[in-house]
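This report refers to the structure that appears directly beneath it.
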Amino acid sequence: MKTRFFAVLAGLALCTAAHANDAQSVQATKGWVRVLPGNLPAGGYVELKNTSDHTVKIVGAQSAFYGHTMFHRSSTEGGMGRMEMLDEVDLPPNAVTTFAPGGYHVMLMDAKKPVKVGDHVVVNFQLADGSVLPVDFTARPANAFSLTD
Ligand SMILES: [Cu+2]
């Protein structure tokens, strides 16, 4: 009886090792935030590569640096810019999803202390399987369009 119990546990351990959680399946690179004057909300942009063979869902975000975070998508309709709030963002399998000005972004509100150009802030993306992906963002000035431009 005892032997069988251990055999089951060993099997479970192997299974866990073979299946990475969602956070381990996503690589976040080129993260940056556009810092605006005063305490205006800052847009966060990043490239997220889902290396798994299934869709990974981002279901929320939290940061020690900001009081409030949400996911938005910007678009233009009839020449008018608009922003829509998203409950979740799907990262398709074996693909890179880009958060960039004019599209997906994480909206960072109520900075707990002033964020200066060159600072790094971390935002924890919560994924649907319960795992957490910490994403590093470099603070860039209001006229920036990417991590380097
Ligand atoms: Cu926004």
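Residue numbering restarts at 1 in every chain; chains get A, B, ... in the order shown in the structure tokens, and ligands count up from 1 in that same order.
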Requested in this report: Pick out the residues no farther than 9 Å from ligand 1, counting only C-alpha atoms and all ligand atoms, and list them as a PyMOL selection string.
Outcome: chain A and resi 41-44+70-74+82-85+104-108
Residues from the last selection, N, CA and C atoms, saved as a short mmCIF file (atom, residue, chain, number, x, y, z; two decimals), in the first residue's frame:
```
data_model
loop_
_atom_site.label_atom_id
_atom_site.label_comp_id
_atom_site.auth_asym_id
_atom_site.auth_seq_id
_atom_site.Cartn_x
_atom_site.Cartn_y
_atom_site.Cartn_z
N PRO A 41 -2.21 59.05 -16.36
CA PRO A 41 -1.97 57.61 -16.56
C PRO A 41 -0.85 57.37 -17.58
N ALA A 42 -0.03 56.36 -17.33
CA ALA A 42 1.07 56.02 -18.24
C ALA A 42 0.72 54.75 -18.98
N GLY A 43 1.00 54.73 -20.31
CA GLY A 43 0.79 53.52 -21.10
C GLY A 43 2.01 52.63 -21.00
N GLY A 44 1.79 51.33 -20.79
CA GLY A 44 2.89 50.36 -20.74
C GLY A 44 2.86 49.48 -21.97
N MET A 70 -5.08 48.69 -15.71
CA MET A 70 -6.04 47.97 -16.56
C MET A 70 -5.48 47.78 -17.95
N PHE A 71 -6.13 46.87 -18.69
CA PHE A 71 -5.72 46.64 -20.07
C PHE A 71 -6.64 47.40 -21.00
N HIS A 72 -6.03 48.10 -21.96
CA HIS A 72 -6.77 48.90 -22.94
C HIS A 72 -6.32 48.54 -24.34
N ARG A 73 -7.18 48.85 -25.29
CA ARG A 73 -6.77 48.80 -26.69
C ARG A 73 -7.19 50.11 -27.34
N SER A 74 -6.23 50.79 -27.95
CA SER A 74 -6.52 52.03 -28.68
C SER A 74 -6.82 51.67 -30.12
N ARG A 82 -9.95 56.26 -30.01
CA ARG A 82 -10.73 55.79 -28.87
C ARG A 82 -9.96 54.68 -28.14
N MET A 83 -10.34 54.44 -26.89
CA MET A 83 -9.70 53.44 -26.07
C MET A 83 -10.77 52.55 -25.49
N GLU A 84 -10.56 51.25 -25.62
CA GLU A 84 -11.55 50.31 -25.08
C GLU A 84 -10.90 49.51 -23.95
N MET A 85 -11.66 49.24 -22.91
CA MET A 85 -11.14 48.49 -21.78
C MET A 85 -11.33 47.00 -22.02
N TYR A 104 -2.75 47.61 -28.16
CA TYR A 104 -2.81 47.13 -26.78
C TYR A 104 -1.85 47.90 -25.89
N HIS A 105 -2.27 48.18 -24.67
CA HIS A 105 -1.36 48.69 -23.66
C HIS A 105 -1.91 48.39 -22.28
N VAL A 106 -1.01 48.40 -21.31
CA VAL A 106 -1.48 48.32 -19.93
C VAL A 106 -1.47 49.76 -19.42
N MET A 107 -2.63 50.19 -18.89
CA MET A 107 -2.80 51.57 -18.44
C MET A 107 -2.43 51.60 -16.96
N LEU A 108 -1.43 52.41 -16.64
CA LEU A 108 -0.91 52.45 -15.27
C LEU A 108 -1.33 53.77 -14.64
#
```
Please identify the strand (DSSP E or B) residues within range 42-108 of chain A (assignment by DSSP from backbone atoms) and present them as a PDB file with N, CA and C atoms, in the first residue's frame.
```
ATOM      1  N   ALA A  42      -0.034  56.363 -17.335  1.00  0.00           N
ATOM      2  CA  ALA A  42       1.069  56.023 -18.236  1.00  0.00           C
ATOM      3  C   ALA A  42       0.718  54.752 -18.983  1.00  0.00           C
ATOM      4  N   GLY A  43       0.996  54.732 -20.308  1.00  0.00           N
ATOM      5  CA  GLY A  43       0.791  53.520 -21.097  1.00  0.00           C
ATOM      6  C   GLY A  43       2.014  52.626 -20.998  1.00  0.00           C
ATOM      7  N   GLY A  44       1.794  51.333 -20.787  1.00  0.00           N
ATOM      8  CA  GLY A  44       2.886  50.363 -20.736  1.00  0.00           C
ATOM      9  C   GLY A  44       2.855  49.483 -21.970  1.00  0.00           C
ATOM     10  N   TYR A  45       4.023  49.312 -22.595  1.00  0.00           N
ATOM     11  CA  TYR A  45       4.134  48.585 -23.861  1.00  0.00           C
ATOM     12  C   TYR A  45       5.193  47.502 -23.737  1.00  0.00           C
ATOM     13  N   VAL A  46       4.977  46.366 -24.424  1.00  0.00           N
ATOM     14  CA  VAL A  46       5.890  45.221 -24.262  1.00  0.00           C
ATOM     15  C   VAL A  46       5.627  44.217 -25.386  1.00  0.00           C
ATOM     16  N   GLU A  47       6.617  43.377 -25.648  1.00  0.00           N
ATOM     17  CA  GLU A  47       6.412  42.262 -26.574  1.00  0.00           C
ATOM     18  C   GLU A  47       6.317  40.979 -25.762  1.00  0.00           C
ATOM     19  N   LEU A  48       5.246  40.223 -25.993  1.00  0.00           N
ATOM     20  CA  LEU A  48       5.002  38.994 -25.239  1.00  0.00           C
ATOM     21  C   LEU A  48       5.015  37.813 -26.202  1.00  0.00           C
ATOM     22  N   LYS A  49       5.997  36.930 -25.996  1.00  0.00           N
ATOM     23  CA  LYS A  49       6.110  35.756 -26.868  1.00  0.00           C
ATOM     24  C   LYS A  49       5.584  34.538 -26.129  1.00  0.00           C
ATOM     25  N   ASN A  50       4.500  33.977 -26.647  1.00  0.00           N
ATOM     26  CA  ASN A  50       3.938  32.743 -26.084  1.00  0.00           C
ATOM     27  C   ASN A  50       4.593  31.568 -26.797  1.00  0.00           C
ATOM     28  N   VAL A  56      -2.571  31.620 -24.180  1.00  0.00           N
ATOM     29  CA  VAL A  56      -2.423  32.046 -22.784  1.00  0.00           C
ATOM     30  C   VAL A  56      -3.247  33.320 -22.614  1.00  0.00           C
ATOM     31  N   LYS A  57      -4.071  33.344 -21.587  1.00  0.00           N
ATOM     32  CA  LYS A  57      -4.913  34.512 -21.325  1.00  0.00           C
ATOM     33  C   LYS A  57      -4.335  35.336 -20.186  1.00  0.00           C
ATOM     34  N   ILE A  58      -4.210  36.649 -20.416  1.00  0.00           N
ATOM     35  CA  ILE A  58      -3.878  37.569 -19.322  1.00  0.00           C
ATOM     36  C   ILE A  58      -5.206  38.025 -18.739  1.00  0.00           C
ATOM     37  N   VAL A  59      -5.382  37.856 -17.433  1.00  0.00           N
ATOM     38  CA  VAL A  59      -6.684  38.175 -16.833  1.00  0.00           C
ATOM     39  C   VAL A  59      -6.625  39.360 -15.872  1.00  0.00           C
ATOM     40  N   GLY A  60      -5.420  39.903 -15.652  1.00  0.00           N
ATOM     41  CA  GLY A  60      -5.322  41.053 -14.761  1.00  0.00           C
ATOM     42  C   GLY A  60      -3.879  41.465 -14.573  1.00  0.00           C
ATOM     43  N   ALA A  61      -3.690  42.567 -13.853  1.00  0.00           N
ATOM     44  CA  ALA A  61      -2.336  43.033 -13.574  1.00  0.00           C
ATOM     45  C   ALA A  61      -2.335  43.793 -12.263  1.00  0.00           C
ATOM     46  N   GLN A  62      -1.194  43.707 -11.575  1.00  0.00           N
ATOM     47  CA  GLN A  62      -1.029  44.459 -10.332  1.00  0.00           C
ATOM     48  C   GLN A  62       0.388  44.972 -10.283  1.00  0.00           C
ATOM     49  N   TYR A  66       1.956  51.311  -8.843  1.00  0.00           N
ATOM     50  CA  TYR A  66       0.742  52.030  -9.255  1.00  0.00           C
ATOM     51  C   TYR A  66      -0.451  51.541  -8.451  1.00  0.00           C
ATOM     52  N   GLY A  67      -1.375  52.472  -8.188  1.00  0.00           N
ATOM     53  CA  GLY A  67      -2.554  52.117  -7.432  1.00  0.00           C
ATOM     54  C   GLY A  67      -3.562  51.319  -8.245  1.00  0.00           C
ATOM     55  N   HIS A  68      -3.505  51.505  -9.579  1.00  0.00           N
ATOM     56  CA  HIS A  68      -4.557  50.946 -10.413  1.00  0.00           C
ATOM     57  C   HIS A  68      -3.978  50.602 -11.783  1.00  0.00           C
ATOM     58  N   THR A  69      -4.332  49.434 -12.305  1.00  0.00           N
ATOM     59  CA  THR A  69      -3.872  49.059 -13.650  1.00  0.00           C
ATOM     60  C   THR A  69      -5.029  48.453 -14.421  1.00  0.00           C
ATOM     61  N   MET A  70      -5.084  48.686 -15.713  1.00  0.00           N
ATOM     62  CA  MET A  70      -6.041  47.969 -16.561  1.00  0.00           C
ATOM     63  C   MET A  70      -5.480  47.776 -17.955  1.00  0.00           C
ATOM     64  N   PHE A  71      -6.131  46.872 -18.694  1.00  0.00           N
ATOM     65  CA  PHE A  71      -5.718  46.637 -20.072  1.00  0.00           C
ATOM     66  C   PHE A  71      -6.643  47.399 -21.004  1.00  0.00           C
ATOM     67  N   HIS A  72      -6.034  48.097 -21.963  1.00  0.00           N
ATOM     68  CA  HIS A  72      -6.771  48.896 -22.938  1.00  0.00           C
ATOM     69  C   HIS A  72      -6.318  48.541 -24.342  1.00  0.00           C
ATOM     70  N   ARG A  73      -7.178  48.850 -25.288  1.00  0.00           N
ATOM     71  CA  ARG A  73      -6.774  48.800 -26.693  1.00  0.00           C
ATOM     72  C   ARG A  73      -7.188  50.108 -27.345  1.00  0.00           C
ATOM     73  N   SER A  74      -6.234  50.793 -27.945  1.00  0.00           N
ATOM     74  CA  SER A  74      -6.519  52.026 -28.680  1.00  0.00           C
ATOM     75  C   SER A  74      -6.822  51.674 -30.122  1.00  0.00           C
ATOM     76  N   SER A  75      -7.674  52.490 -30.735  1.00  0.00           N
ATOM     77  CA  SER A  75      -7.941  52.321 -32.158  1.00  0.00           C
ATOM     78  C   SER A  75      -8.423  53.657 -32.692  1.00  0.00           C
ATOM     79  N   THR A  76      -8.501  53.765 -34.004  1.00  0.00           N
ATOM     80  CA  THR A  76      -9.074  54.975 -34.588  1.00  0.00           C
ATOM     81  C   THR A  76     -10.278  54.574 -35.424  1.00  0.00           C
ATOM     82  N   GLU A  77     -11.361  55.310 -35.224  1.00  0.00           N
ATOM     83  CA  GLU A  77     -12.589  55.035 -35.980  1.00  0.00           C
ATOM     84  C   GLU A  77     -13.044  56.345 -36.573  1.00  0.00           C
ATOM     85  N   MET A  80     -11.273  59.343 -35.350  1.00  0.00           N
ATOM     86  CA  MET A  80     -11.345  59.634 -33.914  1.00  0.00           C
ATOM     87  C   MET A  80     -10.610  58.540 -33.128  1.00  0.00           C
ATOM     88  N   GLY A  81      -9.722  58.970 -32.251  1.00  0.00           N
ATOM     89  CA  GLY A  81      -9.027  58.003 -31.399  1.00  0.00           C
ATOM     90  C   GLY A  81      -9.943  57.543 -30.280  1.00  0.00           C
ATOM     91  N   ARG A  82      -9.952  56.259 -30.006  1.00  0.00           N
ATOM     92  CA  ARG A  82     -10.731  55.785 -28.867  1.00  0.00           C
ATOM     93  C   ARG A  82      -9.965  54.683 -28.142  1.00  0.00           C
ATOM     94  N   MET A  83     -10.344  54.439 -26.892  1.00  0.00           N
ATOM     95  CA  MET A  83      -9.700  53.440 -26.069  1.00  0.00           C
ATOM     96  C   MET A  83     -10.773  52.546 -25.490  1.00  0.00           C
ATOM     97  N   GLU A  84     -10.564  51.248 -25.622  1.00  0.00           N
ATOM     98  CA  GLU A  84     -11.553  50.307 -25.082  1.00  0.00           C
ATOM     99  C   GLU A  84     -10.897  49.514 -23.950  1.00  0.00           C
ATOM    100  N   MET A  85     -11.662  49.237 -22.910  1.00  0.00           N
ATOM    101  CA  MET A  85     -11.136  48.490 -21.779  1.00  0.00           C
ATOM    102  C   MET A  85     -11.330  47.005 -22.023  1.00  0.00           C
ATOM    103  N   LEU A  86     -10.311  46.206 -21.709  1.00  0.00           N
ATOM    104  CA  LEU A  86     -10.368  44.774 -21.966  1.00  0.00           C
ATOM    105  C   LEU A  86     -10.334  44.009 -20.642  1.00  0.00           C
ATOM    106  N   VAL A  89      -6.679  39.623 -22.169  1.00  0.00           N
ATOM    107  CA  VAL A  89      -5.951  39.695 -23.437  1.00  0.00           C
ATOM    108  C   VAL A  89      -5.465  38.291 -23.767  1.00  0.00           C
ATOM    109  N   ASP A  90      -5.787  37.819 -24.976  1.00  0.00           N
ATOM    110  CA  ASP A  90      -5.356  36.491 -25.421  1.00  0.00           C
ATOM    111  C   ASP A  90      -3.999  36.571 -26.106  1.00  0.00           C
ATOM    112  N   LEU A  91      -3.090  35.693 -25.706  1.00  0.00           N
ATOM    113  CA  LEU A  91      -1.802  35.569 -26.389  1.00  0.00           C
ATOM    114  C   LEU A  91      -1.841  34.271 -27.181  1.00  0.00           C
ATOM    115  N   ALA A  95       3.460  32.609 -30.924  1.00  0.00           N
ATOM    116  CA  ALA A  95       3.375  33.903 -31.595  1.00  0.00           C
ATOM    117  C   ALA A  95       3.783  35.009 -30.631  1.00  0.00           C
ATOM    118  N   VAL A  96       4.144  36.143 -31.223  1.00  0.00           N
ATOM    119  CA  VAL A  96       4.479  37.321 -30.432  1.00  0.00           C
ATOM    120  C   VAL A  96       3.295  38.282 -30.490  1.00  0.00           C
ATOM    121  N   THR A  97       2.811  38.704 -29.337  1.00  0.00           N
ATOM    122  CA  THR A  97       1.766  39.722 -29.252  1.00  0.00           C
ATOM    123  C   THR A  97       2.437  41.014 -28.802  1.00  0.00           C
ATOM    124  N   THR A  98       2.246  42.071 -29.588  1.00  0.00           N
ATOM    125  CA  THR A  98       2.932  43.323 -29.300  1.00  0.00           C
ATOM    126  C   THR A  98       1.974  44.333 -28.694  1.00  0.00           C
ATOM    127  N   PHE A  99       2.343  44.850 -27.529  1.00  0.00           N
ATOM    128  CA  PHE A  99       1.649  45.990 -26.938  1.00  0.00           C
ATOM    129  C   PHE A  99       2.416  47.216 -27.413  1.00  0.00           C
ATOM    130  N   TYR A 104      -2.748  47.612 -28.161  1.00  0.00           N
ATOM    131  CA  TYR A 104      -2.811  47.125 -26.780  1.00  0.00           C
ATOM    132  C   TYR A 104      -1.848  47.903 -25.888  1.00  0.00           C
ATOM    133  N   HIS A 105      -2.273  48.178 -24.669  1.00  0.00           N
ATOM    134  CA  HIS A 105      -1.356  48.691 -23.656  1.00  0.00           C
ATOM    135  C   HIS A 105      -1.915  48.386 -22.278  1.00  0.00           C
ATOM    136  N   VAL A 106      -1.011  48.397 -21.309  1.00  0.00           N
ATOM    137  CA  VAL A 106      -1.480  48.322 -19.932  1.00  0.00           C
ATOM    138  C   VAL A 106      -1.471  49.758 -19.419  1.00  0.00           C
ATOM    139  N   MET A 107      -2.635  50.187 -18.892  1.00  0.00           N
ATOM    140  CA  MET A 107      -2.795  51.568 -18.437  1.00  0.00           C
ATOM    141  C   MET A 107      -2.428  51.600 -16.957  1.00  0.00           C
ATOM    142  N   LEU A 108      -1.435  52.406 -16.640  1.00  0.00           N
ATOM    143  CA  LEU A 108      -0.907  52.454 -15.270  1.00  0.00           C
ATOM    144  C   LEU A 108      -1.326  53.770 -14.641  1.00  0.00           C
TER     145      LEU A 108
END
```
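Using only C-alpha atoms, the smallest distance between any of A:Val33, A:Ala64, A:Val132, A:Asn143 and Gly118 in chain A comes from A:Val33.
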Requested in this report: Can you work out the spacing between CA of Lys116 in chain A and CA of Pro141 in chain A in Å, to one decimal?
Outcome: 8.5 Å
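Taking CA of Ala144 in chain A as the reference point, CA of Lys30 in chain A is found at 13.2 Å.
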**Report entry** Length of the CA of His120 in chain A to CA of Thr29 in chain A vector [Å]
**Finding:** 13.3 Å
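Across A:Leu40, A:Val35, A:Ala20, A:Val26, the tightest approach to Gln126 in chain A is made by A:Val26 when counting only C-alpha atoms.
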